[in-house]
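Please read the structure below before turning to the comments.
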Amino acid sequence: MKEVDKIFNSFLKDSIFTNKFILQTHYIPETIHHREKEITQLASIIAPALRMEKISNLFLYGKTGTGKTLSILYLRDQLLNKSKQQNKSLTIEYINCKLKKVADTEYRILSELIRKLGGNVPSTGLPTDSVYTKFIELLESRPQVFIIILDEIDHIVQKISDNFLYNLTRLNSELNKAQISIIGISNDLTFLDNLDPRVKSSLSEEEVVFSPYNAVQLQDILRERSKKAFKSGVISEGVIEKCAAYAAREHGDARRALDLLRISGEIAERDRDKKIVIEHIDKANEKMERDKILDIVETEPKQFQLTLLAIINLIDSKKYDKIFTGEVYEHYQQLCQKISFETLTQRRVGDIIAEFDMLGIINAKVVSKGRYGRMREIKLAVNQNIIEKIKKILYDSLNLN
DNA sequence: AGGTATTCACATGAAACTATTCTCTGAGTTAGG
DNA sequence: TAACTCAGAGAATAGTTTCATGTGAATACCTGT
């Protein structure tokens, strides 16, 4: 027990972090660098809310990790502070539409909103229109400005048509005392184009575009945050630059840069190193990549896992690194029999293979072998040591051996 | 030799089926007046 | 009597199967020199 204590103590004492939370993505710093232009633009759009006027519906878009959510949440806090001083009734709710089971249907979003307004919806459900009336009643209970931030708004549209958004934008005409506005956030740049024109025009009364950070800007951000997150002198020369460079390669994703730095720190800590060096970043990068893939593999349904296992086994047992659809299906059938699982049709397995291709775990391209048919040529797209881990996960999850 | 035609082994699409999950209804329960 | 609960009916959805059609190029088969 003494040993354990020692380890814990040394961890406490030698931690290279002072506050790891600062590197996390939910953290909102007091100042946001290199987004001044966007923030002032946003501020002038939403400022009328302080005078209890309806603000224009607003639409933000830009790639992931460009600070959209961060900026709007920052402004929300500022605005709420101000309005509290002024004693104005202003509510801003943030909903992430991507979260499954919370906000991925019209009904769920509404009931979530109602809950946030202080009402409640029975868990067994109500008709959608009565949820609407309830929502409206709650809004009308007192004069107020209500702003809804819908993050990843593209998700709801592809799941539940744009009717919902249309209804929301139309809601104002039914309200007397309250005002409602919508702020949509999306990282799909083409999202607006395949929207119903009526919705499009009312939703994007104002638009703000967030462009990616470049490497220099990323460096500033990282430096600023690492000053508070790490003890001084922990980061060696070139580390920040390298993190920024990695992330800049991925369309300037600041979230990724921060994750990279944080994980590098964790790795350094685990290795009992006092400093973060460049090698740690490489390790972190690899780890992130690996974790992402392993996570996908683990959460995939059994039939998908079986298909993947069939592919991996086949490639293992053969000398070549490419195999074809037919072989995969044959081996897949054998596997199914072995663990007495029902086999899917070849049609479906073909689709599953295509999905793994999309996920980037395998490379599958359609080739024609002339007289000998047309099929997908399949290769693994990840390196050997990850494959070993994938195999382990698959064997575990399928109870093989 | 050069040009079609055929053929293979799936790919790709659409419609139909099914098992889950959601949404909604109306009866029963609670509680406020 | 209005408001809430809740089980179960009915609708919507995701995952599959069935049926049908499409594809690219190696090979087979002509054709005329």
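In the structure tokens, chains take the letters A, B, ... in the order shown, each chain's residues start at 1, and ligands count up from 1 in the order shown.
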
Give me, as JSON lines, each residue of chain C that comes within 9 Å of chain A, together with its shortest interatomic pair and the distance in Å at one decimal, counting only C-alpha atoms (C1' of nucleotides), with rows ordered by chain and rising residue number.
{"residue": "C:DC4", "atom": "C1'", "partner": "A:Pro122", "partner_atom": "CA", "distance": 8.3}
{"residue": "C:DT5", "atom": "C1'", "partner": "A:Pro122", "partner_atom": "CA", "distance": 7.9}
{"residue": "C:DC6", "atom": "C1'", "partner": "A:Thr124", "partner_atom": "CA", "distance": 7.4}
{"residue": "C:DT16", "atom": "C1'", "partner": "A:Arg348", "partner_atom": "CA", "distance": 7.3}
{"residue": "C:DT17", "atom": "C1'", "partner": "A:Thr345", "partner_atom": "CA", "distance": 7.3}
{"residue": "C:DT23", "atom": "C1'", "partner": "A:Arg374", "partner_atom": "CA", "distance": 7.7}
{"residue": "C:DG24", "atom": "C1'", "partner": "A:Ser368", "partner_atom": "CA", "distance": 5.5}
{"residue": "C:DA25", "atom": "C1'", "partner": "A:Gly370", "partner_atom": "CA", "distance": 4.0}
{"residue": "C:DA26", "atom": "C1'", "partner": "A:Gly370", "partner_atom": "CA", "distance": 4.0}
{"residue": "C:DT27", "atom": "C1'", "partner": "A:Arg371", "partner_atom": "CA", "distance": 6.1}

Task: DSSP-assigned helix (DSSP H, G or I) among segment 173-222 of chain A, expressed as a ChimeraX atom specification - done: /A:173-174,191-194,197-203,215-222

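Neighbouring residues of DT33 of chain C at 12 Å or closer, counting only C-alpha atoms (C1' of nucleotides) and skipping chain neighbours under 2 positions away, are DA1 and DG2 of chain B; DT31 of chain C.
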
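The protein and nucleic acid residues lying at most 10 Å from DA28 of chain C are DA5, DT6 and DT7 of chain B, with only C-alpha atoms (C1' of nucleotides) considered and sequence neighbours fewer than 6 positions away removed.
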
Convert the current residue selection to file output with N, CA and C atoms (P, O5', C5', C4', C3', O3' and C1' of nucleotides), as a compact mmCIF listing (two decimals), in the first residue's frame.
# COMPACT_ATOMS: atom_id res chain seq x y z
P DA B 5 -22.30 -6.46 -82.18
O5' DA B 5 -22.03 -7.75 -81.28
C5' DA B 5 -21.59 -8.94 -81.91
C4' DA B 5 -21.60 -10.09 -80.91
C3' DA B 5 -22.66 -9.98 -79.82
O3' DA B 5 -23.20 -11.28 -79.63
C1' DA B 5 -20.50 -9.98 -78.82
P DT B 6 -24.24 -11.62 -78.50
O5' DT B 6 -23.31 -12.21 -77.36
C5' DT B 6 -22.33 -13.18 -77.72
C4' DT B 6 -21.58 -13.66 -76.48
C3' DT B 6 -22.43 -13.86 -75.23
O3' DT B 6 -22.07 -15.10 -74.68
C1' DT B 6 -20.56 -12.46 -74.75
P DT B 7 -22.93 -15.85 -73.53
O5' DT B 7 -21.82 -16.07 -72.40
C5' DT B 7 -20.49 -15.61 -72.62
C4' DT B 7 -19.84 -15.32 -71.28
C3' DT B 7 -20.77 -15.47 -70.07
O3' DT B 7 -20.07 -16.14 -69.04
C1' DT B 7 -19.84 -13.29 -70.11

TODO: Name all residues at most 9 Å from segment 42-48 of chain A (count only C-alpha atoms (C1' of nucleotides); drop same-chain ones fewer than 2 positions away) and give them as a PyMOL selection string.
DONE: chain A and resi 37-40+50-56+58+71-72+75+79+206+208

Using only C-alpha atoms (C1' of nucleotides), find each residue in chain B having at least one atom no more than 7 Å away from chain A; report its shortest atom-to-atom pair and that distance in Å (one decimal), rows by chain then rising number, as a Markdown table.
| residue | atom | partner | partner_atom | distance |
| --- | --- | --- | --- | --- |
| B:DT7 | C1' | A:Arg371 | CA | 6.1 |
| B:DC8 | C1' | A:Gly373 | CA | 4.2 |
| B:DA9 | C1' | A:Gly373 | CA | 4.2 |
| B:DC10 | C1' | A:Met375 | CA | 5.0 |
| B:DT23 | C1' | A:Pro127 | CA | 6.4 |
| B:DC24 | C1' | A:Pro127 | CA | 5.4 |

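Across the model, the gap from atom CA of Ile136 of chain A to atom C1' of DT13 of chain C is 28.2 Å.
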
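Put simply, atom CA of Leu165 of chain A is 15.6 Å away from atom CA of Glu112 of chain A.
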
Task: DSSP-assigned strand (DSSP E) among segment 38-246 of chain A, expressed as an MDAnalysis selection string - done: chainID A and resid 58:62 90:96 145:151 179:186 206:210
